[in-house]
Amino acid sequence: MGVTMKGSADVLPVFPEEMSTLGWDRCDIILVTGDAYVDHPAFGAALIGRYLEGLGYRVGIIPQPDTGDTEDILRLGLPRLFVGVTGGAMDSMVNHYTSLNRLRSNDAYSPGGLPGRRPDRAVLKYVNLVKRAMPGIPVVIGGMEASMRRISHYDYWSDRVRKSILLDSKADVLVHGMGERASGEIARALSEGREPAGIRGTAVVLGARALKEADGADWIELPSHESVVSDPSAFMEMTRLVEKESSPWSGSALMQRADSRAVLVQPPSFPLSTEEMDRLYGLPFSRLPHPSYEEEIPAFSMIRNSITVVRGCSGGCSFCALGLHQGRFISSRSPESVAGEVEELKGKQYFRGTVTDLGGPTANLYGLGCRGGRAMKECTRVSCLFPGICGNFRTDHSSYEELLDRVSSIPGVSNVFVSSGIRFDVALRDPSFIGKLADGHVSGYLKIAPEHFSPGVLRLMRKPSPELWREFVRTFEAATEECGRKQHIEPYMLVAFPGCGMREMQEAARELERQGLRPERAQIFLPAPMTMATAMYHTGLDPDTGCALRVARRPSEKRRQLGTLPGHSSKPRRRDEL
C-alpha cells in the first residue's frame with residue numbers, strides 16, 4: 001500500500017479559505033460525499049481522503065453539496081485528477097426509507113440528525129451535478145451505494161431491475177469494496193497520463209468497439225441485463241456467479257452486457273495486511289467533525305469512543321452486504337496500533353474512560369480467518385462458517401483476549417466493551433473467550449444476532465443452527481453466573497425473510513419464550529441491492545433447490561410476522577422503527 005506522508009492538514013479542506021491557509025491553488029482530488037465530514041476512520045470519505053493525502057495528493061472534501069445549482073460543488077474549484085463521489089456510509093435509499101418503504105424522520109450522518117441533506121439515489125444526483133459543473137473531469141464513484149449496484153440489481157424502492165449504476169450515472173470508473181488500493185492506483189494512473197484500466201476493485205464501461213476488440217478475453221460473462229430483467233432464473237444465476245467469484249485470489253473478472261455496451265468488473269482488491277491496516281488507521285485523523293458544524297452528528301456520537309480493530313466478515317450471510325463489499329477474508333490491526341489509537345482517544349475531551357467497542361463487522365473474528373496457503377487461494381466457498389466452520393479457519397481467540405487485556409491495562413481506561421456483535425458459533429469453539437467476555441466486557445446486554453430459529457429459514461439465511469444458539473446461551477449464562485454479574489443476552493431477529501411465513505415466525509416466537517428472551521430489536525427484511533437474499537425476494541426462488549419460495553411482500557403480512565415476537569406489535573411504534 002506504500003503510504004508516504006508528505007505533510008497533512010488539520011482537516012481536509014472543505015472551504016476555499018482552508019485551501020488558502022495550506023497554500024494550495026488547486027486540489028488534486030475532490031471527494032463528494034452524502035455524509036457530513038467527520039475526520040474519523042469510521043467515515044469512508046475521511047478514510048479515503050487521508051489515505052490519498054498520505055500518498056502525497058492534495059485532497060478536498062465537499063460534504064452534502066446543494067444539488068440545486070453548480071455553485072456549491074465548485075467551491076474548491078476544479079481538481080487536477082478526478083472527483084470521487086460516494087453516497088455516504090449507507091446506500092442513500094436505505095438511509096431514507098424503512099423496510100416498509102416509509103420515509104425515515106432522521107439521518108444519523110447529518111448535522112442534528114436532520115433528514116433532507118442528501119438526495120435519493122445520491123450517487124446519480126451527485127455525478128450529474130459534477131458532470132454539469134466540471135465537464136471533462138474524470139468522475140470515480142465508490143462507497144456502499146456504488147459498490148452494491150455495480151451490476152444489474154433489483155431495486156426494492158422502484159420494484160424493478162436496474163442497470164449497473166456505472167451505466168446509469170455515466171461515471172468513468174466505479175470502485176467496489178474497500179477502496180484504498182483502487183483509489184490510489186487510479187490517482188497514480190491519471191497523474192501519469194494513463195487510463196485507469198485493469199485495476200483490481202474497479203469496474204469500467206466497454207463500448208461496442210471495445211467489446212469487439214476484447215472478444216475472447218479472460219472473463220466470465222454474466223447473464224445480460226436484458227436476460228435478468230425477463231428471466232428470474234437468469235437473475236439467480238447472475239447472483240450465484242457474483243458470489244462465487246468474490247474471492248480476490250480465485251475470483252475472475254466479470255462482464256455483463258447491457259444494450260450495445262457492457263460493464264467489466266475486475267476481481268476484488270486483496271485485503272490489507274496487518275502492517276497496511278496499521279498505517280491506514282495511524283493516519284493523522286483529528287477524530288472530530290469538521291469545525292464548521294454547530295450541531296451534533298449522531299453517527300459520530302455513537303462511534304466516537306469505539307475502535308475498529310478488524311475488517312471483513314467470513315460469515316457469508318445471504319442478507320448481508322459485508323461479504324460482497326468488505327470481503328470475507330479478515331484483516332486485523334496489531335495490538336500496538338490499537339493501543340496507540342486508544343492513547344489518542346484519551347486526549348479527546350469527549351472520552352470518559354470507556355472504550356465502547358473494540359470491534360468491526362464481527363468483533364470476535366479479530367486475529368482469526370483462513371490459515372492461508374493453497375486451500376485459501378483456490379477456495380470458492382461463499383461462507384467460511386456455513387454450513388459448518390471450515391477446517392482451514394482459525395478459531396483460537398487468544399489474540400483477541402490479549403488485545404482486550406492490553407487495552408484494559410492502559411492507564412485512564414476504566415472499561416473496554418465489545419458492542420459490535422460476535423459470531424456465537426465461532427465463540428463456542430473457544431469457551432474461555434466466552435468466560436472473558438462475560439467477566440468485564442459486556443455493558444449489561446450482549447447483543448447477538450441469531451436472526452431466526454426455524455431451521456429452514458436459517459438455511460436460507462446461512463446462519464447457525466438453533467442447537468448451537470442454545471448451547472451458547474447456556475455457556476454465556478453459566479459464565480455470567482460464575483462472574484457474579486447481572487447481564488443478559490439481547491437477541492436480534494429478522495422477520496419476513498424470503499421463505500418465512502407465519503408458521504416459521506411462530507416457531508421462532510416459541511423458542512424465544514422458552515428461553516425467556518425478549519428481542520428489543522427486530523428488523524423487517526429489507527432487500528438491499530445485490531445480496532442473495534434480495535435475489536430470493538425478487539425471484540421467489542430457493543437458490544439451492546430452484547423451488548418456489550414463499551415471500552412476504554405486503555406490508556400487512558410483514559407486520560403480522562413482526563407481531564408474533566414477544567414484546568412486539570404488528571403496528572410500528574415509531575416512524576423509523578422498521
# chains A, B, ... in the order shown; residues from 1 in each chain; ligands from 1
$ residues_around --residues "stretch 363-376 of chain A" --least-positions-apart "3" --cutoff "7 Å" --atoms "only C-alpha atoms" --output "number ranges by chain"
A: 309-310, 329-330, 332, 358-360, 379, 392-395, 399-400, 420-423
$ closest_residue --among "A:Glu477, A:Glu402, A:Asp396, A:Glu451" --to "A:Ala438" --atoms "only C-alpha atoms"
A:Glu477
$ residues_around --residues "A:Ser99" --least-positions-apart "2" --cutoff "10 Å" --atoms "only C-alpha atoms" --output "list in words"
Val94, Tyr97, Asn101, Arg102, Leu103, Tyr156, Trp157, Gln523, Ile524, Phe525, Leu526, Pro527, Ala528, Pro555, Lys558, Asp576, Glu577 and Leu578 of chain A
$ select_by_dssp --residues "stretch 135-192 of chain A" --states "helix (DSSP H, G or I)" --output "list in words"
Gly143, Met144, Glu145, Ala146, Ser147, Ile165, Leu166, Leu167, Asp168, Ser169, Glu180, Arg181, Ala182, Ser183, Gly184, Glu185, Ile186, Ala187, Arg188, Ala189, Leu190 and Ser191 of chain A
$ write_last_selection --atoms "all heavy atoms" --output "short mmCIF file (atom, residue, chain, number, x, y, z; two decimals), in the first residue's frame"
data_model
loop_
_atom_site.label_atom_id
_atom_site.label_comp_id
_atom_site.auth_asym_id
_atom_site.auth_seq_id
_atom_site.Cartn_x
_atom_site.Cartn_y
_atom_site.Cartn_z
N GLY A 143 -17.95 3.60 -2.55
CA GLY A 143 -18.76 3.51 -1.35
C GLY A 143 -19.84 2.47 -1.50
O GLY A 143 -20.00 1.83 -2.55
N MET A 144 -20.64 2.27 -0.47
CA MET A 144 -21.63 1.20 -0.44
C MET A 144 -22.64 1.29 -1.58
O MET A 144 -22.97 0.29 -2.22
CB MET A 144 -22.35 1.21 0.91
CG MET A 144 -23.31 0.05 1.11
SD MET A 144 -22.51 -1.56 1.16
CE MET A 144 -21.82 -1.53 2.82
N GLU A 145 -23.14 2.49 -1.84
CA GLU A 145 -24.18 2.64 -2.86
C GLU A 145 -23.69 2.23 -4.24
O GLU A 145 -24.39 1.54 -4.98
CB GLU A 145 -24.69 4.09 -2.87
CG GLU A 145 -25.85 4.31 -3.81
CD GLU A 145 -26.57 5.63 -3.56
OE1 GLU A 145 -26.43 6.18 -2.44
OE2 GLU A 145 -27.27 6.09 -4.45
N ALA A 146 -22.49 2.62 -4.59
CA ALA A 146 -21.94 2.25 -5.89
C ALA A 146 -21.48 0.80 -5.90
O ALA A 146 -21.74 0.06 -6.86
CB ALA A 146 -20.77 3.18 -6.23
N SER A 147 -20.82 0.37 -4.84
CA SER A 147 -20.26 -0.97 -4.78
C SER A 147 -21.33 -2.04 -4.95
O SER A 147 -21.16 -3.01 -5.70
CB SER A 147 -19.53 -1.16 -3.44
OG SER A 147 -18.95 -2.44 -3.32
N ILE A 165 -25.07 0.88 -11.86
CA ILE A 165 -25.06 2.32 -11.58
C ILE A 165 -23.98 3.02 -12.38
O ILE A 165 -24.05 4.23 -12.62
CB ILE A 165 -24.89 2.56 -10.07
CG1 ILE A 165 -25.26 3.99 -9.70
CG2 ILE A 165 -23.47 2.20 -9.60
CD1 ILE A 165 -25.32 4.24 -8.20
N LEU A 166 -22.99 2.27 -12.85
CA LEU A 166 -21.96 2.86 -13.70
C LEU A 166 -22.55 3.32 -15.03
O LEU A 166 -22.19 4.38 -15.55
CB LEU A 166 -20.84 1.84 -13.92
CG LEU A 166 -19.57 2.32 -14.61
CD1 LEU A 166 -18.94 3.49 -13.87
CD2 LEU A 166 -18.57 1.17 -14.73
N LEU A 167 -23.46 2.53 -15.57
CA LEU A 167 -24.13 2.92 -16.81
C LEU A 167 -25.12 4.05 -16.59
O LEU A 167 -25.18 5.01 -17.37
CB LEU A 167 -24.84 1.71 -17.42
CG LEU A 167 -23.96 0.55 -17.89
CD1 LEU A 167 -24.80 -0.66 -18.26
CD2 LEU A 167 -23.11 0.98 -19.08
N ASP A 168 -25.91 3.94 -15.51
CA ASP A 168 -26.93 4.96 -15.26
C ASP A 168 -26.33 6.31 -14.90
O ASP A 168 -26.88 7.37 -15.24
CB ASP A 168 -27.87 4.50 -14.15
CG ASP A 168 -28.92 3.50 -14.64
OD1 ASP A 168 -29.03 3.33 -15.86
OD2 ASP A 168 -29.60 2.89 -13.80
N SER A 169 -25.19 6.30 -14.20
CA SER A 169 -24.59 7.56 -13.75
C SER A 169 -23.70 8.20 -14.79
O SER A 169 -23.43 9.40 -14.74
CB SER A 169 -23.76 7.31 -12.48
OG SER A 169 -22.60 6.54 -12.77
N GLU A 180 -9.23 1.76 -0.73
CA GLU A 180 -7.93 2.42 -0.60
C GLU A 180 -7.00 2.06 -1.76
O GLU A 180 -6.48 2.95 -2.43
CB GLU A 180 -7.26 2.04 0.73
CG GLU A 180 -8.01 2.49 1.96
CD GLU A 180 -9.01 1.46 2.43
OE1 GLU A 180 -8.96 0.31 1.93
OE2 GLU A 180 -9.84 1.79 3.30
N ARG A 181 -6.77 0.77 -1.96
CA ARG A 181 -5.82 0.37 -3.00
C ARG A 181 -6.26 0.92 -4.37
O ARG A 181 -5.47 1.49 -5.11
CB ARG A 181 -5.74 -1.15 -3.09
CG ARG A 181 -5.08 -1.85 -1.93
CD ARG A 181 -4.94 -3.33 -2.30
NE ARG A 181 -4.60 -4.17 -1.18
CZ ARG A 181 -3.38 -4.32 -0.69
NH1 ARG A 181 -2.38 -3.65 -1.22
NH2 ARG A 181 -3.15 -5.14 0.33
N ALA A 182 -7.54 0.69 -4.72
CA ALA A 182 -8.03 1.08 -6.03
C ALA A 182 -7.94 2.59 -6.24
O ALA A 182 -7.52 3.06 -7.30
CB ALA A 182 -9.46 0.60 -6.22
N SER A 183 -8.31 3.38 -5.23
CA SER A 183 -8.28 4.83 -5.39
C SER A 183 -6.85 5.32 -5.57
O SER A 183 -6.60 6.24 -6.37
CB SER A 183 -8.94 5.52 -4.19
OG SER A 183 -8.26 5.23 -2.98
N GLY A 184 -5.91 4.72 -4.86
CA GLY A 184 -4.51 5.10 -5.02
C GLY A 184 -3.99 4.76 -6.41
O GLY A 184 -3.25 5.56 -7.02
N GLU A 185 -4.37 3.61 -6.95
CA GLU A 185 -3.92 3.22 -8.28
C GLU A 185 -4.57 4.07 -9.36
O GLU A 185 -3.93 4.40 -10.37
CB GLU A 185 -4.19 1.73 -8.51
CG GLU A 185 -3.32 0.81 -7.67
CD GLU A 185 -3.46 -0.64 -8.06
OE1 GLU A 185 -3.54 -0.92 -9.27
OE2 GLU A 185 -3.51 -1.50 -7.16
N ILE A 186 -5.83 4.44 -9.15
CA ILE A 186 -6.50 5.34 -10.11
C ILE A 186 -5.78 6.69 -10.12
O ILE A 186 -5.51 7.26 -11.20
CB ILE A 186 -7.98 5.51 -9.75
CG1 ILE A 186 -8.74 4.20 -10.00
CG2 ILE A 186 -8.61 6.65 -10.55
CD1 ILE A 186 -10.14 4.17 -9.41
N ALA A 187 -5.48 7.22 -8.94
CA ALA A 187 -4.80 8.52 -8.87
C ALA A 187 -3.43 8.44 -9.55
O ALA A 187 -3.04 9.37 -10.28
CB ALA A 187 -4.64 8.93 -7.41
N ARG A 188 -2.69 7.35 -9.32
CA ARG A 188 -1.38 7.22 -9.94
C ARG A 188 -1.50 7.14 -11.47
O ARG A 188 -0.73 7.79 -12.20
CB ARG A 188 -0.64 6.00 -9.40
CG ARG A 188 0.77 5.87 -9.97
CD ARG A 188 1.63 4.86 -9.24
NE ARG A 188 1.13 3.51 -9.38
CZ ARG A 188 0.61 2.79 -8.40
NH1 ARG A 188 0.53 3.30 -7.18
NH2 ARG A 188 0.19 1.56 -8.61
N ALA A 189 -2.46 6.35 -11.95
CA ALA A 189 -2.63 6.22 -13.40
C ALA A 189 -2.95 7.57 -14.03
O ALA A 189 -2.34 7.96 -15.05
CB ALA A 189 -3.73 5.21 -13.70
N LEU A 190 -3.90 8.30 -13.45
CA LEU A 190 -4.29 9.59 -14.03
C LEU A 190 -3.16 10.60 -13.94
O LEU A 190 -2.98 11.42 -14.86
CB LEU A 190 -5.54 10.11 -13.33
CG LEU A 190 -6.83 9.31 -13.60
CD1 LEU A 190 -7.98 9.80 -12.72
CD2 LEU A 190 -7.23 9.38 -15.08
N SER A 191 -2.39 10.57 -12.85
CA SER A 191 -1.28 11.52 -12.73
C SER A 191 -0.17 11.22 -13.73
O SER A 191 0.61 12.11 -14.09
CB SER A 191 -0.72 11.51 -11.30
OG SER A 191 -0.14 10.26 -10.99
#
$ residues_around --residues "stretch 312-326 of chain A" --least-positions-apart "3" --cutoff "8 Å" --atoms "only C-alpha atoms" --output "count of residues only"
32
$ residues_around --residues "A:Leu562" --least-positions-apart "6" --cutoff "9 Å" --atoms "only C-alpha atoms" --output "VMD selection string"
chain A and resid 494 to 496 505 522 to 524 568 to 571
$ closest_residue --among "A:Leu428, A:Leu446, A:Leu437, A:Leu541" --to "A:Thr475" --atoms "only C-alpha atoms"
A:Leu428
$ residues_around --residues "stretch 248-254 of chain A" --least-positions-apart "3" --cutoff "7 Å" --atoms "only C-alpha atoms" --output "VMD selection string"
chain A and resid 219 to 222 245 264 to 270 377 to 380
$ residues_around --residues "A:Thr33" --least-positions-apart "4" --cutoff "10 Å" --atoms "only C-alpha atoms" --output "PyMOL selection string"
chain A and resi 37+44-46+61-65+84-89+118+122-123+126+142-143
$ write_last_selection --atoms "N, CA, C and O atoms" --output "mmCIF file, in the first residue's frame"
data_model
loop_
_atom_site.group_PDB
_atom_site.id
_atom_site.type_symbol
_atom_site.label_atom_id
_atom_site.label_comp_id
_atom_site.auth_asym_id
_atom_site.auth_seq_id
_atom_site.Cartn_x
_atom_site.Cartn_y
_atom_site.Cartn_z
ATOM 1 N N TYR A 37 -18.914 15.667 6.954
ATOM 2 C CA TYR A 37 -17.487 15.341 7.014
ATOM 3 C C TYR A 37 -17.041 15.237 8.459
ATOM 4 O O TYR A 37 -16.967 16.234 9.177
ATOM 5 N N GLY A 44 -16.120 6.851 5.614
ATOM 6 C CA GLY A 44 -15.405 6.439 4.419
ATOM 7 C C GLY A 44 -14.694 7.547 3.679
ATOM 8 O O GLY A 44 -13.555 7.370 3.223
ATOM 9 N N ALA A 45 -15.330 8.709 3.509
ATOM 10 C CA ALA A 45 -14.688 9.794 2.764
ATOM 11 C C ALA A 45 -13.426 10.266 3.467
ATOM 12 O O ALA A 45 -12.412 10.568 2.821
ATOM 13 N N ALA A 46 -13.464 10.331 4.806
ATOM 14 C CA ALA A 46 -12.271 10.719 5.562
ATOM 15 C C ALA A 46 -11.171 9.672 5.418
ATOM 16 O O ALA A 46 -9.989 10.010 5.271
ATOM 17 N N ILE A 61 -12.688 17.948 0.359
ATOM 18 C CA ILE A 61 -13.965 17.247 0.544
ATOM 19 C C ILE A 61 -15.113 18.238 0.440
ATOM 20 O O ILE A 61 -15.063 19.326 1.035
ATOM 21 N N ILE A 62 -16.148 17.857 -0.314
ATOM 22 C CA ILE A 62 -17.387 18.632 -0.336
ATOM 23 C C ILE A 62 -18.491 17.734 0.209
ATOM 24 O O ILE A 62 -18.986 16.839 -0.485
ATOM 25 N N PRO A 63 -18.871 17.933 1.477
ATOM 26 C CA PRO A 63 -19.900 17.091 2.075
ATOM 27 C C PRO A 63 -21.303 17.630 1.801
ATOM 28 O O PRO A 63 -21.552 18.826 1.872
ATOM 29 N N GLN A 64 -22.202 16.727 1.448
ATOM 30 C CA GLN A 64 -23.614 17.042 1.283
ATOM 31 C C GLN A 64 -23.847 18.312 0.458
ATOM 32 O O GLN A 64 -24.479 19.267 0.908
ATOM 33 N N PRO A 65 -23.349 18.343 -0.784
ATOM 34 C CA PRO A 65 -23.482 19.572 -1.586
ATOM 35 C C PRO A 65 -24.933 19.858 -1.960
ATOM 36 O O PRO A 65 -25.751 18.949 -2.101
ATOM 37 N N GLY A 84 -14.091 12.158 -6.765
ATOM 38 C CA GLY A 84 -14.613 10.910 -6.226
ATOM 39 C C GLY A 84 -15.970 11.153 -5.600
ATOM 40 O O GLY A 84 -16.147 12.113 -4.841
ATOM 41 N N VAL A 85 -16.948 10.313 -5.915
ATOM 42 C CA VAL A 85 -18.321 10.512 -5.441
ATOM 43 C C VAL A 85 -18.778 9.289 -4.653
ATOM 44 O O VAL A 85 -18.635 8.154 -5.122
ATOM 45 N N THR A 86 -19.321 9.519 -3.463
ATOM 46 C CA THR A 86 -19.930 8.461 -2.659
ATOM 47 C C THR A 86 -21.241 8.956 -2.076
ATOM 48 O O THR A 86 -21.364 10.135 -1.716
ATOM 49 N N GLY A 87 -22.219 8.058 -1.984
ATOM 50 C CA GLY A 87 -23.478 8.417 -1.346
ATOM 51 C C GLY A 87 -23.359 8.531 0.154
ATOM 52 O O GLY A 87 -24.242 9.069 0.815
ATOM 53 N N GLY A 88 -22.247 8.011 0.724
ATOM 54 C CA GLY A 88 -22.045 8.033 2.161
ATOM 55 C C GLY A 88 -21.883 6.638 2.716
ATOM 56 O O GLY A 88 -21.724 5.656 1.982
ATOM 57 N N ALA A 89 -21.936 6.521 4.034
ATOM 58 C CA ALA A 89 -21.718 5.235 4.696
ATOM 59 C C ALA A 89 -22.807 4.221 4.365
ATOM 60 O O ALA A 89 -22.575 3.012 4.443
ATOM 61 N N ARG A 118 -29.219 15.010 1.886
ATOM 62 C CA ARG A 118 -28.720 14.294 0.705
ATOM 63 C C ARG A 118 -29.922 13.861 -0.109
ATOM 64 O O ARG A 118 -30.988 13.587 0.445
ATOM 65 N N ALA A 122 -28.302 9.235 -4.283
ATOM 66 C CA ALA A 122 -27.334 10.329 -4.171
ATOM 67 C C ALA A 122 -26.213 10.223 -5.191
ATOM 68 O O ALA A 122 -25.778 11.245 -5.750
ATOM 69 N N VAL A 123 -25.722 9.023 -5.464
ATOM 70 C CA VAL A 123 -24.607 8.892 -6.410
ATOM 71 C C VAL A 123 -25.007 9.408 -7.788
ATOM 72 O O VAL A 123 -24.261 10.152 -8.433
ATOM 73 N N TYR A 126 -25.295 13.282 -7.605
ATOM 74 C CA TYR A 126 -24.006 13.961 -7.454
ATOM 75 C C TYR A 126 -23.173 13.874 -8.740
ATOM 76 O O TYR A 126 -22.517 14.842 -9.133
ATOM 77 N N GLY A 142 -17.770 5.379 -5.719
ATOM 78 C CA GLY A 142 -17.433 4.307 -4.793
ATOM 79 C C GLY A 142 -18.301 4.375 -3.562
ATOM 80 O O GLY A 142 -19.286 5.120 -3.501
ATOM 81 N N GLY A 143 -17.947 3.600 -2.552
ATOM 82 C CA GLY A 143 -18.759 3.512 -1.346
ATOM 83 C C GLY A 143 -19.843 2.466 -1.503
ATOM 84 O O GLY A 143 -20.000 1.833 -2.549
#
$ closest_residue --among "A:Met536, A:Ala42, A:Ile137, A:Met502" --to "A:Leu280" --atoms "only C-alpha atoms"
A:Ala42
$ closest_residue --among "A:Asp231, A:Asp425, A:Asp430, A:Asp120" --to "A:His96" --atoms "only C-alpha atoms"
A:Asp120
$ atom_distance --atom1 "atom CA of A:Pro111" --atom2 "atom CA of A:Ala36"
6.8 Å
$ closest_residue --among "A:Val407, A:Leu47, A:Ala108, A:Val204" --to "A:Phe300" --atoms "only C-alpha atoms"
A:Ala108
$ decode --residues "stretch 519-542 of chain A" --atoms "N, CA and C atoms" --output "PDB file, in the first residue's frame"
ATOM      1  N   PRO A 519     -36.708  -9.935  22.331  1.00  0.00           N
ATOM      2  CA  PRO A 519     -35.866  -9.150  21.419  1.00  0.00           C
ATOM      3  C   PRO A 519     -36.311  -7.693  21.364  1.00  0.00           C
ATOM      4  N   GLU A 520     -35.474  -6.814  21.897  1.00  0.00           N
ATOM      5  CA  GLU A 520     -35.812  -5.397  21.849  1.00  0.00           C
ATOM      6  C   GLU A 520     -35.767  -4.874  20.415  1.00  0.00           C
ATOM      7  N   ARG A 521     -34.908  -5.474  19.599  1.00  0.00           N
ATOM      8  CA  ARG A 521     -34.774  -5.017  18.226  1.00  0.00           C
ATOM      9  C   ARG A 521     -35.090  -6.159  17.271  1.00  0.00           C
ATOM     10  N   ALA A 522     -36.043  -5.931  16.413  1.00  0.00           N
ATOM     11  CA  ALA A 522     -36.388  -6.879  15.362  1.00  0.00           C
ATOM     12  C   ALA A 522     -36.532  -6.086  14.072  1.00  0.00           C
ATOM     13  N   GLN A 523     -35.950  -6.584  13.018  1.00  0.00           N
ATOM     14  CA  GLN A 523     -35.913  -5.865  11.756  1.00  0.00           C
ATOM     15  C   GLN A 523     -36.708  -6.622  10.699  1.00  0.00           C
ATOM     16  N   ILE A 524     -37.603  -5.916  10.040  1.00  0.00           N
ATOM     17  CA  ILE A 524     -38.256  -6.489   8.866  1.00  0.00           C
ATOM     18  C   ILE A 524     -37.236  -6.500   7.730  1.00  0.00           C
ATOM     19  N   PHE A 525     -37.103  -7.624   7.051  1.00  0.00           N
ATOM     20  CA  PHE A 525     -36.120  -7.780   5.988  1.00  0.00           C
ATOM     21  C   PHE A 525     -36.254  -6.683   4.941  1.00  0.00           C
ATOM     22  N   LEU A 526     -35.107  -6.063   4.619  1.00  0.00           N
ATOM     23  CA  LEU A 526     -35.060  -5.028   3.599  1.00  0.00           C
ATOM     24  C   LEU A 526     -34.196  -5.560   2.446  1.00  0.00           C
ATOM     25  N   PRO A 527     -34.726  -5.703   1.256  1.00  0.00           N
ATOM     26  CA  PRO A 527     -33.962  -6.264   0.135  1.00  0.00           C
ATOM     27  C   PRO A 527     -32.941  -5.263  -0.409  1.00  0.00           C
ATOM     28  N   ALA A 528     -31.749  -5.270   0.173  1.00  0.00           N
ATOM     29  CA  ALA A 528     -30.691  -4.368  -0.280  1.00  0.00           C
ATOM     30  C   ALA A 528     -30.068  -4.889  -1.571  1.00  0.00           C
ATOM     31  N   PRO A 529     -29.596  -4.007  -2.444  1.00  0.00           N
ATOM     32  CA  PRO A 529     -29.097  -4.448  -3.748  1.00  0.00           C
ATOM     33  C   PRO A 529     -27.991  -5.499  -3.671  1.00  0.00           C
ATOM     34  N   MET A 530     -28.065  -6.486  -4.550  1.00  0.00           N
ATOM     35  CA  MET A 530     -27.023  -7.442  -4.918  1.00  0.00           C
ATOM     36  C   MET A 530     -26.863  -8.633  -3.978  1.00  0.00           C
ATOM     37  N   THR A 531     -27.524  -8.690  -2.836  1.00  0.00           N
ATOM     38  CA  THR A 531     -27.353  -9.843  -1.958  1.00  0.00           C
ATOM     39  C   THR A 531     -28.171 -11.036  -2.471  1.00  0.00           C
ATOM     40  N   MET A 532     -27.773 -12.241  -2.024  1.00  0.00           N
ATOM     41  CA  MET A 532     -28.507 -13.437  -2.408  1.00  0.00           C
ATOM     42  C   MET A 532     -29.930 -13.405  -1.850  1.00  0.00           C
ATOM     43  N   ALA A 533     -30.115 -12.885  -0.650  1.00  0.00           N
ATOM     44  CA  ALA A 533     -31.454 -12.812  -0.070  1.00  0.00           C
ATOM     45  C   ALA A 533     -32.370 -11.926  -0.913  1.00  0.00           C
ATOM     46  N   THR A 534     -31.815 -10.853  -1.463  1.00  0.00           N
ATOM     47  CA  THR A 534     -32.607  -9.995  -2.340  1.00  0.00           C
ATOM     48  C   THR A 534     -32.973 -10.725  -3.623  1.00  0.00           C
ATOM     49  N   ALA A 535     -32.059 -11.553  -4.130  1.00  0.00           N
ATOM     50  CA  ALA A 535     -32.382 -12.375  -5.301  1.00  0.00           C
ATOM     51  C   ALA A 535     -33.530 -13.331  -4.976  1.00  0.00           C
ATOM     52  N   MET A 536     -33.548 -13.894  -3.767  1.00  0.00           N
ATOM     53  CA  MET A 536     -34.660 -14.759  -3.341  1.00  0.00           C
ATOM     54  C   MET A 536     -35.961 -13.961  -3.304  1.00  0.00           C
ATOM     55  N   TYR A 537     -35.902 -12.763  -2.735  1.00  0.00           N
ATOM     56  CA  TYR A 537     -37.091 -11.918  -2.626  1.00  0.00           C
ATOM     57  C   TYR A 537     -37.632 -11.582  -4.007  1.00  0.00           C
ATOM     58  N   HIS A 538     -36.755 -11.180  -4.909  1.00  0.00           N
ATOM     59  CA  HIS A 538     -37.180 -10.746  -6.241  1.00  0.00           C
ATOM     60  C   HIS A 538     -37.694 -11.911  -7.082  1.00  0.00           C
ATOM     61  N   THR A 539     -36.977 -13.027  -7.084  1.00  0.00           N
ATOM     62  CA  THR A 539     -37.328 -14.136  -7.975  1.00  0.00           C
ATOM     63  C   THR A 539     -38.321 -15.105  -7.359  1.00  0.00           C
ATOM     64  N   GLY A 540     -38.382 -15.149  -6.003  1.00  0.00           N
ATOM     65  CA  GLY A 540     -39.217 -16.147  -5.339  1.00  0.00           C
ATOM     66  C   GLY A 540     -38.665 -17.553  -5.478  1.00  0.00           C
ATOM     67  N   LEU A 541     -37.333 -17.675  -5.678  1.00  0.00           N
ATOM     68  CA  LEU A 541     -36.713 -18.984  -5.868  1.00  0.00           C
ATOM     69  C   LEU A 541     -35.740 -19.305  -4.744  1.00  0.00           C
ATOM     70  N   ASP A 542     -35.680 -20.578  -4.375  1.00  0.00           N
ATOM     71  CA  ASP A 542     -34.688 -21.084  -3.442  1.00  0.00           C
ATOM     72  C   ASP A 542     -33.387 -21.263  -4.226  1.00  0.00           C
TER      73      ASP A 542
END
